[in-house]
file input-v8.cif (mmCIF, C-alpha atoms and all ligand atoms)
data_run
#
loop_
_atom_site.label_atom_id
_atom_site.label_comp_id
_atom_site.auth_asym_id
_atom_site.auth_seq_id
_atom_site.Cartn_x
_atom_site.Cartn_y
_atom_site.Cartn_z
CA MET A 3 185.90 235.64 131.20
CA GLN A 4 187.01 232.20 132.41
CA LYS A 5 190.18 230.90 130.74
CA THR A 6 191.05 227.25 130.38
CA GLU A 7 193.27 225.14 128.14
CA VAL A 8 190.48 223.05 126.59
CA LEU A 9 186.77 223.76 126.28
CA ILE A 10 184.70 220.67 125.55
CA ILE A 11 181.24 221.45 124.21
CA GLY A 12 178.73 218.71 125.10
CA ALA A 13 178.75 216.45 128.16
CA GLY A 14 177.28 213.32 126.60
CA MET A 15 179.37 210.17 126.41
CA ALA A 16 181.76 211.70 123.86
CA GLY A 17 182.50 214.87 125.81
CA ALA A 18 182.65 213.06 129.15
CA SER A 19 185.11 210.42 127.94
CA ALA A 20 187.34 213.03 126.25
CA ALA A 21 187.33 215.08 129.48
CA TYR A 22 188.29 211.99 131.48
CA PHE A 23 191.39 211.33 129.36
CA LEU A 24 192.37 215.01 128.91
CA ALA A 25 191.92 216.29 132.46
CA PRO A 26 195.09 214.66 133.91
CA HIS A 27 197.15 216.65 131.36
CA LEU A 28 195.36 219.96 130.64
CA SER A 29 192.88 222.26 132.35
CA VAL A 30 189.46 221.29 131.00
CA THR A 31 186.01 222.89 131.18
CA VAL A 32 183.00 221.01 129.82
CA LEU A 33 180.02 223.12 128.71
CA GLU A 34 176.61 221.43 128.59
CA ARG A 35 173.44 223.10 127.36
CA GLU A 36 171.06 220.96 129.43
CA SER A 37 170.70 221.14 133.19
CA GLN A 38 171.96 217.56 133.41
CA PRO A 39 174.43 215.72 131.18
CA GLY A 40 173.29 212.58 129.39
CA TYR A 41 169.83 213.92 128.47
CA HIS A 42 170.19 213.32 124.72
CA ALA A 43 171.55 210.29 122.80
CA THR A 44 173.63 209.04 125.73
CA GLY A 45 170.61 208.59 127.98
CA ARG A 46 168.51 206.93 125.27
CA SER A 47 170.56 204.00 123.97
CA ALA A 48 169.91 200.26 123.91
CA ALA A 49 173.14 199.76 125.87
CA LEU A 50 174.52 196.84 123.87
CA TYR A 51 178.23 196.20 123.32
CA SER A 52 178.89 194.15 120.17
CA GLU A 53 182.29 193.70 118.59
CA THR A 54 180.79 192.90 115.19
CA TYR A 55 178.64 196.03 114.87
CA GLY A 56 179.62 198.85 112.52
CA ASN A 57 182.38 199.22 109.96
CA ALA A 58 186.02 198.12 110.39
CA VAL A 59 187.13 201.32 112.15
CA VAL A 60 184.16 201.25 114.54
CA ARG A 61 184.75 197.57 115.30
CA ALA A 62 188.41 198.20 116.07
CA ILE A 63 187.54 201.08 118.44
CA THR A 64 184.92 198.84 120.07
CA THR A 65 187.38 195.99 120.59
CA ALA A 66 189.96 198.40 121.98
CA SER A 67 187.37 199.54 124.55
CA LYS A 68 186.69 196.06 125.89
CA ALA A 69 189.53 195.87 128.42
CA PHE A 70 188.46 199.18 130.00
CA TYR A 71 184.88 197.97 130.33
CA GLU A 72 185.81 194.59 131.75
CA GLN A 73 188.47 195.91 134.11
CA PRO A 74 187.96 199.63 134.66
CA PRO A 75 190.53 201.65 136.58
CA GLN A 76 190.33 201.39 140.37
CA GLY A 77 187.49 203.53 141.73
CA PHE A 78 185.94 204.26 138.31
CA SER A 79 182.55 202.90 139.34
CA PRO A 80 181.09 200.89 142.21
CA TYR A 81 179.09 198.88 139.64
CA PRO A 82 180.18 196.48 136.90
CA LEU A 83 180.18 198.36 133.60
CA VAL A 84 179.28 195.34 131.47
CA THR A 85 177.37 192.10 132.03
CA PRO A 86 176.94 189.08 129.74
CA ARG A 87 173.96 189.19 127.36
CA GLY A 88 174.75 187.64 123.95
CA ALA A 89 173.23 188.72 120.65
CA LEU A 90 171.27 186.46 118.32
CA SER A 91 170.36 187.33 114.73
CA VAL A 92 167.48 185.28 113.44
CA GLY A 93 166.14 184.82 109.94
CA GLY A 94 163.81 182.85 107.74
CA ALA A 95 164.50 180.69 104.70
CA ASP A 96 165.21 183.68 102.42
CA ASP A 97 167.85 185.01 104.83
CA HIS A 98 170.04 181.91 104.64
CA ASP A 99 172.66 183.13 102.18
CA ALA A 100 173.03 186.59 103.71
CA MET A 101 173.31 185.09 107.19
CA ARG A 102 175.95 182.57 106.08
CA GLN A 103 177.97 185.39 104.54
CA SER A 104 177.57 187.56 107.64
CA LEU A 105 178.65 184.60 109.80
CA ALA A 106 181.85 184.16 107.80
CA GLU A 107 182.65 187.88 108.02
CA ARG A 108 181.90 188.11 111.71
CA GLN A 109 183.76 184.91 112.61
CA ALA A 110 186.89 186.44 111.11
CA LEU A 111 186.61 189.12 113.82
CA VAL A 112 185.15 187.13 116.69
CA PRO A 113 185.85 183.40 116.22
CA ASN A 114 183.34 182.12 118.79
CA ILE A 115 180.34 183.41 116.84
CA ALA A 116 178.24 180.32 116.02
CA TRP A 117 175.64 179.17 113.52
CA TRP A 118 172.53 177.98 115.36
CA SER A 119 169.93 175.54 114.10
CA GLN A 120 166.24 176.30 114.43
CA ALA A 121 166.06 173.94 117.43
CA GLU A 122 168.87 175.80 119.21
CA VAL A 123 167.24 179.18 118.50
CA LEU A 124 163.82 178.09 119.73
CA GLN A 125 165.22 176.43 122.81
CA ARG A 126 166.88 179.70 123.86
CA VAL A 127 164.04 182.06 122.85
CA PRO A 128 160.86 179.95 122.71
CA VAL A 129 158.56 182.86 121.75
CA LEU A 130 160.08 183.08 118.26
CA ARG A 131 157.89 181.65 115.51
CA PRO A 132 159.64 178.82 113.62
CA GLN A 133 159.34 180.50 110.20
CA ALA A 134 161.02 183.67 111.48
CA ALA A 135 163.78 181.72 113.24
CA ARG A 136 164.83 179.07 110.78
CA TYR A 137 168.47 180.00 111.36
CA GLY A 138 170.41 181.88 113.99
CA VAL A 139 173.83 183.49 114.31
CA PHE A 140 174.85 183.82 117.95
CA GLU A 141 177.49 186.22 119.31
CA PRO A 142 178.07 184.96 122.87
CA ASP A 143 180.32 187.80 124.04
CA ALA A 144 177.93 190.67 123.28
CA MET A 145 177.27 192.47 126.57
CA ASP A 146 174.86 194.83 128.26
CA MET A 147 176.47 198.10 129.32
CA ASP A 148 175.54 200.17 132.38
CA VAL A 149 175.47 203.47 130.48
CA HIS A 150 174.74 205.60 133.54
CA ALA A 151 177.63 204.08 135.51
CA ILE A 152 180.00 204.55 132.54
CA HIS A 153 178.96 208.16 131.92
CA GLN A 154 179.09 209.08 135.61
CA GLY A 155 182.45 207.32 135.95
CA PHE A 156 183.94 209.45 133.17
CA LEU A 157 182.51 212.68 134.62
CA ARG A 158 183.57 211.83 138.17
CA GLY A 159 187.07 210.88 137.04
CA ALA A 160 187.40 214.06 134.99
CA LYS A 161 186.33 216.21 137.95
CA ALA A 162 188.74 214.37 140.26
CA ALA A 163 191.53 215.29 137.84
CA GLY A 164 190.53 218.96 137.97
CA ALA A 165 188.01 219.37 135.14
CA SER A 166 184.88 221.43 135.69
CA LEU A 167 181.43 220.78 134.26
CA VAL A 168 179.14 223.75 133.65
CA CYS A 169 175.50 222.87 132.94
CA ASP A 170 172.83 225.21 131.52
CA ALA A 171 175.67 226.50 129.37
CA GLY A 172 174.39 226.20 125.80
CA VAL A 173 176.92 227.80 123.48
CA ARG A 174 175.41 230.88 121.80
CA THR A 175 178.43 232.33 120.06
CA ILE A 176 181.90 231.05 119.35
CA THR A 177 184.43 233.41 117.81
CA ARG A 178 188.17 233.63 117.25
CA GLU A 179 189.83 235.90 119.77
CA GLY A 180 193.60 236.15 119.92
CA GLU A 181 195.12 232.68 119.63
CA GLY A 182 191.95 230.92 120.74
CA TRP A 183 188.18 230.80 120.90
CA ARG A 184 185.79 232.99 122.87
CA VAL A 185 182.62 231.08 123.76
CA GLU A 186 179.51 232.77 125.15
CA THR A 187 176.86 230.90 127.09
CA PRO A 188 174.06 231.85 129.54
CA ALA A 189 176.39 230.56 132.28
CA GLY A 190 179.20 232.91 131.38
CA CYS A 191 181.92 233.64 128.87
CA PHE A 192 184.86 231.26 128.35
CA TRP A 193 188.11 231.33 126.40
CA ALA A 194 190.50 228.55 125.40
CA PRO A 195 193.09 227.90 122.69
CA LEU A 196 191.43 224.53 122.02
CA VAL A 197 187.75 223.69 121.57
CA VAL A 198 186.45 220.11 121.33
CA ASN A 199 183.16 219.88 119.44
CA ALA A 200 181.35 216.99 121.20
CA ALA A 201 177.85 218.38 120.72
CA GLY A 202 176.35 215.12 119.39
CA ALA A 203 173.63 215.75 116.79
CA TRP A 204 174.42 219.49 116.97
CA CYS A 205 178.09 219.20 115.96
CA ASP A 206 177.56 220.66 112.49
CA GLU A 207 175.41 223.49 113.91
CA LEU A 208 178.14 224.30 116.40
CA ALA A 209 180.75 224.33 113.63
CA ARG A 210 178.64 226.75 111.57
CA LEU A 211 178.33 228.99 114.62
CA ALA A 212 182.14 229.08 114.74
CA GLY A 213 182.50 229.69 110.98
CA VAL A 214 183.97 226.20 110.54
CA SER A 215 182.92 223.97 107.60
CA PRO A 216 180.42 221.26 108.61
CA VAL A 217 181.28 217.59 108.03
CA GLY A 218 177.83 216.55 106.73
CA LEU A 219 176.46 215.06 109.93
CA GLN A 220 173.01 213.48 109.63
CA PRO A 221 171.06 212.76 112.83
CA MET A 222 168.79 209.69 112.50
CA ARG A 223 165.83 209.08 114.78
CA ARG A 224 165.64 205.68 116.43
CA THR A 225 162.62 204.76 118.54
CA ALA A 226 162.49 202.30 121.44
CA PHE A 227 160.03 201.28 124.13
CA THR A 228 159.62 198.87 126.99
CA CYS A 229 156.79 196.42 127.58
CA ASP A 230 156.01 193.60 129.98
CA VAL A 231 157.77 190.28 129.65
CA PRO A 232 155.50 187.43 128.56
CA ALA A 233 153.82 185.58 131.43
CA GLY A 234 155.33 182.20 132.21
CA HIS A 235 158.71 182.90 130.59
CA ASP A 236 162.00 183.48 132.35
CA THR A 237 163.50 186.03 129.97
CA SER A 238 166.57 186.86 132.05
CA HIS A 239 168.82 184.57 129.98
CA TRP A 240 167.48 185.71 126.59
CA PRO A 241 170.06 187.37 124.37
CA LEU A 242 169.32 190.51 122.40
CA VAL A 243 167.35 189.17 119.42
CA ILE A 244 167.65 191.03 116.13
CA ASP A 245 166.17 189.97 112.85
CA ALA A 246 168.56 189.37 109.98
CA LYS A 247 167.05 192.24 107.96
CA GLU A 248 167.39 194.58 110.99
CA GLY A 249 163.63 195.21 111.05
CA PHE A 250 163.42 194.92 114.85
CA TYR A 251 165.31 193.95 117.97
CA PHE A 252 164.34 193.17 121.54
CA LYS A 253 166.19 192.33 124.73
CA PRO A 254 165.50 191.92 128.44
CA ASP A 255 165.93 195.21 130.29
CA ALA A 256 165.45 195.63 134.05
CA GLY A 257 162.54 193.19 134.31
CA MET A 258 160.92 194.41 131.07
CA LEU A 259 161.54 193.89 127.37
CA LEU A 260 163.21 196.71 125.42
CA VAL A 261 161.95 196.78 121.83
CA SER A 262 162.95 198.84 118.79
CA PRO A 263 161.97 198.83 115.10
CA ALA A 264 165.67 199.64 114.45
CA ASN A 265 164.56 202.65 112.41
CA GLU A 266 166.94 205.23 110.96
CA ASP A 267 164.87 208.28 110.03
CA PRO A 268 166.81 211.41 109.02
CA VAL A 269 165.76 214.47 111.04
CA ALA A 270 167.20 217.85 112.08
CA PRO A 271 169.00 217.97 115.45
CA GLN A 272 166.35 218.27 118.16
CA ASP A 273 165.00 216.84 121.40
CA VAL A 274 163.50 214.04 119.36
CA GLN A 275 160.30 212.31 120.45
CA PRO A 276 158.99 208.86 119.52
CA GLU A 277 156.51 208.63 116.64
CA GLU A 278 153.40 206.48 117.21
CA LEU A 279 153.95 204.95 113.78
CA ASP A 280 157.44 203.70 114.72
CA VAL A 281 155.98 202.03 117.81
CA ALA A 282 153.16 200.47 115.80
CA ILE A 283 155.64 199.14 113.22
CA ALA A 284 157.76 197.57 115.94
CA VAL A 285 154.70 195.96 117.58
CA ASP A 286 153.58 194.56 114.22
CA ARG A 287 157.01 193.15 113.33
CA ILE A 288 157.51 191.60 116.76
CA GLU A 289 154.03 190.05 116.81
CA THR A 290 154.64 188.63 113.32
CA ALA A 291 158.00 187.10 114.26
CA THR A 292 157.09 185.94 117.78
CA THR A 293 154.13 184.82 119.87
CA LEU A 294 154.56 187.94 122.05
CA GLN A 295 151.39 190.02 122.45
CA ILE A 296 152.33 193.60 123.23
CA ARG A 297 149.26 194.87 125.07
CA GLN A 298 150.79 197.90 126.70
CA VAL A 299 153.79 200.07 125.97
CA ARG A 300 155.22 201.04 129.36
CA ARG A 301 157.73 203.72 128.36
CA LYS A 302 158.68 204.96 124.92
CA TRP A 303 161.42 207.24 123.73
CA ALA A 304 163.48 208.19 120.71
CA GLY A 305 167.05 209.33 120.32
CA LEU A 306 169.37 210.54 117.59
CA ARG A 307 172.15 208.40 116.14
CA SER A 308 174.27 210.82 114.09
CA PHE A 309 176.39 209.68 111.15
CA VAL A 310 178.63 211.21 108.52
CA VAL A 311 178.64 209.78 105.01
CA ASP A 312 181.06 206.88 105.63
CA LYS A 313 179.62 206.04 109.07
CA THR A 314 183.06 206.43 110.67
CA PRO A 315 183.39 208.82 113.64
CA VAL A 316 185.17 212.14 113.08
CA VAL A 317 188.03 212.61 115.55
CA GLY A 318 190.58 215.27 114.71
CA PHE A 319 191.33 218.94 114.16
CA ALA A 320 189.30 220.85 111.60
CA PRO A 321 191.47 221.40 108.51
CA ASP A 322 190.01 224.89 108.12
CA ALA A 323 190.19 226.35 111.64
CA PRO A 324 193.02 226.36 114.19
CA GLY A 325 192.36 224.70 117.55
CA PHE A 326 188.88 223.45 116.60
CA PHE A 327 188.69 219.69 117.25
CA TRP A 328 185.91 217.38 116.03
CA LEU A 329 184.56 214.52 118.15
CA ALA A 330 181.43 213.69 116.18
CA GLY A 331 179.52 211.04 114.24
CA GLN A 332 179.43 208.30 116.89
CA GLY A 333 176.30 206.91 115.23
CA GLY A 334 174.90 203.84 116.95
CA TYR A 335 178.20 202.98 118.60
CA GLY A 336 179.03 205.92 120.86
CA ILE A 337 178.73 203.98 124.11
CA GLN A 338 180.54 200.80 123.15
CA THR A 339 183.44 202.81 121.67
CA ALA A 340 183.68 205.50 124.37
CA PRO A 341 186.81 204.47 126.31
CA ALA A 342 189.05 204.03 123.27
CA MET A 343 187.46 206.97 121.43
CA GLY A 344 187.97 209.26 124.43
CA GLU A 345 191.58 208.16 124.72
CA LEU A 346 192.10 208.63 120.99
CA ALA A 347 190.59 212.13 121.09
CA ALA A 348 192.74 213.10 124.06
CA ALA A 349 195.91 211.88 122.33
CA LEU A 350 195.16 213.75 119.10
CA VAL A 351 194.17 216.95 120.93
CA ARG A 352 197.58 216.83 122.64
CA GLY A 353 199.37 216.28 119.33
CA LEU A 354 200.31 212.70 120.19
CA ALA A 355 200.15 209.55 118.08
CA VAL A 356 197.18 207.18 117.96
CA PRO A 357 197.30 205.11 121.21
CA ALA A 358 199.14 201.80 120.76
CA ALA A 359 196.14 199.54 121.41
CA LEU A 360 194.19 201.23 118.62
CA ALA A 361 197.15 201.43 116.25
CA ALA A 362 197.70 197.67 116.72
CA LEU A 363 194.12 197.15 115.51
CA GLY A 364 194.81 199.21 112.39
CA VAL A 365 193.21 202.53 113.38
CA THR A 366 195.02 205.54 111.90
CA ALA A 367 194.53 209.26 112.45
CA ASP A 368 193.74 209.56 108.73
CA ALA A 369 190.85 207.09 108.99
CA VAL A 370 189.01 209.27 111.53
CA SER A 371 190.32 212.65 110.34
CA ALA A 372 188.02 215.60 109.68
CA ALA A 373 190.16 216.19 106.58
CA ARG A 374 189.50 212.80 104.98
CA PRO A 375 188.30 213.18 101.38
CA ALA A 376 184.87 211.60 102.01
CA LEU A 377 183.86 214.56 104.18
CA GLY A 378 184.75 217.15 101.55
CA VAL A 379 186.15 219.75 103.95
CA ARG A 380 188.88 221.83 102.32
CA ALA A 381 191.94 222.86 104.27
CA VAL A 382 192.82 226.53 104.32
CA SER A 383 196.36 227.34 103.30
C1 LIG B 401 167.69 204.26 120.45
C2 LIG B 401 169.21 204.28 120.46
C3 LIG B 401 169.91 203.10 120.69
C4 LIG B 401 171.30 203.11 120.77
N1 LIG B 401 171.93 201.96 121.11
C5 LIG B 401 173.28 201.95 121.27
C6 LIG B 401 173.94 200.77 121.71
O1 LIG B 401 173.31 199.74 121.95
N2 LIG B 401 175.31 200.82 121.84
C7 LIG B 401 176.03 201.97 121.61
O2 LIG B 401 177.24 201.96 121.75
N3 LIG B 401 175.40 203.09 121.19
C8 LIG B 401 174.06 203.12 121.02
N4 LIG B 401 173.43 204.26 120.62
C9 LIG B 401 174.24 205.42 120.21
C10 LIG B 401 174.74 206.24 121.38
O3 LIG B 401 173.68 206.54 122.26
C11 LIG B 401 175.39 207.53 120.82
O4 LIG B 401 176.36 207.22 119.84
C12 LIG B 401 176.08 208.34 121.90
O5 LIG B 401 175.25 208.52 123.01
C13 LIG B 401 176.52 209.70 121.36
O6 LIG B 401 177.09 210.44 122.43
P1 LIG B 401 177.42 211.98 122.22
O7 LIG B 401 178.07 212.44 123.47
O8 LIG B 401 178.10 212.17 120.93
O9 LIG B 401 175.97 212.68 122.03
P2 LIG B 401 174.91 213.18 123.12
O10 LIG B 401 174.69 212.19 124.19
O11 LIG B 401 173.71 213.62 122.36
O12 LIG B 401 175.63 214.42 123.80
C14 LIG B 401 175.81 215.65 123.13
C15 LIG B 401 175.61 216.75 124.15
O13 LIG B 401 175.95 218.00 123.57
C16 LIG B 401 175.09 218.97 124.14
N5 LIG B 401 175.06 220.15 123.27
C17 LIG B 401 174.59 220.23 122.00
N6 LIG B 401 174.72 221.47 121.53
C18 LIG B 401 175.29 222.21 122.52
C19 LIG B 401 175.65 223.57 122.65
N7 LIG B 401 175.45 224.46 121.65
N8 LIG B 401 176.21 223.99 123.82
C20 LIG B 401 176.43 223.12 124.84
N9 LIG B 401 176.07 221.80 124.77
C21 LIG B 401 175.52 221.37 123.62
C22 LIG B 401 173.75 218.26 124.21
O14 LIG B 401 172.89 218.86 125.16
C23 LIG B 401 174.17 216.85 124.62
O15 LIG B 401 174.10 216.64 126.02
C24 LIG B 401 172.03 204.31 120.54
C25 LIG B 401 171.33 205.49 120.31
C26 LIG B 401 169.95 205.49 120.26
C27 LIG B 401 169.22 206.79 120.03
#
call {"tool": "encode", "arguments": {"input": "input-v8.cif", "output": "structure tokens"}}
result
Amino acid sequence: MQKTEVLIIGAGMAGASAAYFLAPHLSVTVLERESQPGYHATGRSAALYSETYGNAVVRAITTASKAFYEQPPQGFSPYPLVTPRGALSVGGADDHDAMRQSLAERQALVPNIAWWSQAEVLQRVPVLRPQAARYGVFEPDAMDMDVHAIHQGFLRGAKAAGASLVCDAGVRTITREGEGWRVETPAGCFWAPLVVNAAGAWCDELARLAGVSPVGLQPMRRTAFTCDVPAGHDTSHWPLVIDAKEGFYFKPDAGMLLVSPANEDPVAPQDVQPEELDVAIAVDRIETATTLQIRQVRRKWAGLRSFVVDKTPVVGFAPDAPGFFWLAGQGGYGIQTAPAMGELAAALVRGLAVPAALAALGVTADAVSAARPALGVRAVS
């Protein structure tokens, strides 16, 4: 049996970032069921960083991650982690009031968000049809993220600090033994006083395996695909375009267009695959709102965005099991929040206070706690 101080279960973005911030302080082993980390949600995202996306807690964690992404620690990655993109919501006449309200709310967070006239919208993205793009709200500082470079940077940094990553190590059983947890996997048996549940869509399943109350995690399927860019258009300077009702988005992606119907379909945790209907819906919505003709889908995929009821991540010890730490419910924000979320998880695992940068933005341990009333998990006395 291999003993360590912390076992992290799941080597997606959540587990990798927690390992990166914990490894300088504690001995860490990361267990990953797949033969390579990043196979599930982390490898399937749209890779957009937006400071106005998600609820107040998510936005604060996103903003607190910005400095890391713009100026990562020396040697973290040979590649830039973020590059300018911009994000443009567009809407028709009936979206005016909702867009004005959203502009006011978002400007309070990010003052340089601007209202765009139809002419400004069409000048920037000429394929939009005028009726679908009567108004625009532009977030200039939204960025593309290099998800692979970020994920690899966290894993490399964790290993450099002494952590080990064990792949093909799906957790089969997890039981209390002595003052800690015994975890059995096909790659061996492990023991640690602390377990971090970073199993993405499977976090509730893992908790049940350990006899810990679930937090009500719901995985939601989101589909995406790439297609050719329209002939005769230089799309490199296009922002991500999302319609005001969140019925679709598209953005340039490595010489192609990445398209999604922005669907949120509840499903059980699984290696989720794209549904033809989702793709057809996206094609129909895009062809209605733009002059784009999507003749061929080049690559399609789906991934799981997993939420708890209040759509705030769960970062903290289980109230009903000693040494069992939740790092779950990253929803559609798990990449853009990863640096600050990993640092927050590492601090709370070590019994420290919320890091100063997050506390200054109003994030409290109670707001992300597994014991918060919305999750309905009872503490054991
Ligand atoms: C289409 C799509 C678009 C998205 N766009 C964005 C975006 O633009 N910006 C953004 O910030 N976020 C985005 N997201 C969300 C983001 O991808 C997720 O929030 C994030 O990847 C979650 O990371 P994770 O580590 O929690 O989960 P995962 O990456 O799923 O990692 C969990 C890991 O746990 C492992 N595991 C599970 N059970 C076990 C077990 N029993 N034993 C061992 N290992 C186990 C799994 O194999 C997996 O590797 C998007 C997601 C999707 C699907």
call {"tool": "residues_near_ligand", "arguments": {"input": "input-v8.cif", "ligand": "ligand LIG 401 (chain B)", "cutoff": "7 Å", "atoms": "only C-alpha atoms and all ligand atoms", "output": "count of residues only"}}
result
53
call {"tool": "residues_around", "arguments": {"input": "input-v8.cif", "residues": "His27 of chain A", "least_positions_apart": "2", "cutoff": "12 Å", "atoms": "all atoms listed in the file", "output": "mmCIF file with C-alpha atoms, in the coordinates of the input"}}
result
data_model
loop_
_atom_site.group_PDB
_atom_site.id
_atom_site.type_symbol
_atom_site.label_atom_id
_atom_site.label_comp_id
_atom_site.auth_asym_id
_atom_site.auth_seq_id
_atom_site.Cartn_x
_atom_site.Cartn_y
_atom_site.Cartn_z
ATOM 1 C CA GLU A 7 193.270 225.140 128.140
ATOM 2 C CA VAL A 8 190.480 223.050 126.590
ATOM 3 C CA ALA A 20 187.340 213.030 126.250
ATOM 4 C CA ALA A 21 187.330 215.080 129.480
ATOM 5 C CA TYR A 22 188.290 211.990 131.480
ATOM 6 C CA PHE A 23 191.390 211.330 129.360
ATOM 7 C CA LEU A 24 192.370 215.010 128.910
ATOM 8 C CA ALA A 25 191.920 216.290 132.460
ATOM 9 C CA SER A 29 192.880 222.260 132.350
ATOM 10 C CA VAL A 30 189.460 221.290 131.000
ATOM 11 C CA ALA A 160 187.400 214.060 134.990
ATOM 12 C CA ALA A 163 191.530 215.290 137.840
ATOM 13 C CA GLY A 164 190.530 218.960 137.970
ATOM 14 C CA ALA A 165 188.010 219.370 135.140
ATOM 15 C CA ALA A 348 192.740 213.100 124.060
ATOM 16 C CA ALA A 349 195.910 211.880 122.330
ATOM 17 C CA VAL A 351 194.170 216.950 120.930
ATOM 18 C CA ARG A 352 197.580 216.830 122.640
#
call {"tool": "residues_around", "arguments": {"input": "input-v8.cif", "residues": "Pro254 of chain A", "least_positions_apart": "6", "cutoff": "12 Å", "atoms": "only C-alpha atoms", "output": "JSON, numbers by chain"}}
result
{"A": [48, 49, 50, 86, 87, 88, 89, 127, 145, 146, 227, 228, 229, 230, 231, 232, 235, 236, 237, 238, 239, 240, 241, 242, 243, 260, 261]}
call {"tool": "closest_residue", "arguments": {"input": "input-v8.cif", "among": "A:Ser371, A:Pro142, A:Val92, A:Ser79", "to": "Leu124 of chain A", "atoms": "only C-alpha atoms"}}
result
A:Val92
call {"tool": "closest_residue", "arguments": {"input": "input-v8.cif", "among": "A:Pro128, A:Gly325, A:Pro113, A:Gly190", "to": "Gln4 of chain A", "atoms": "all atoms listed in the file"}}
result
A:Gly190
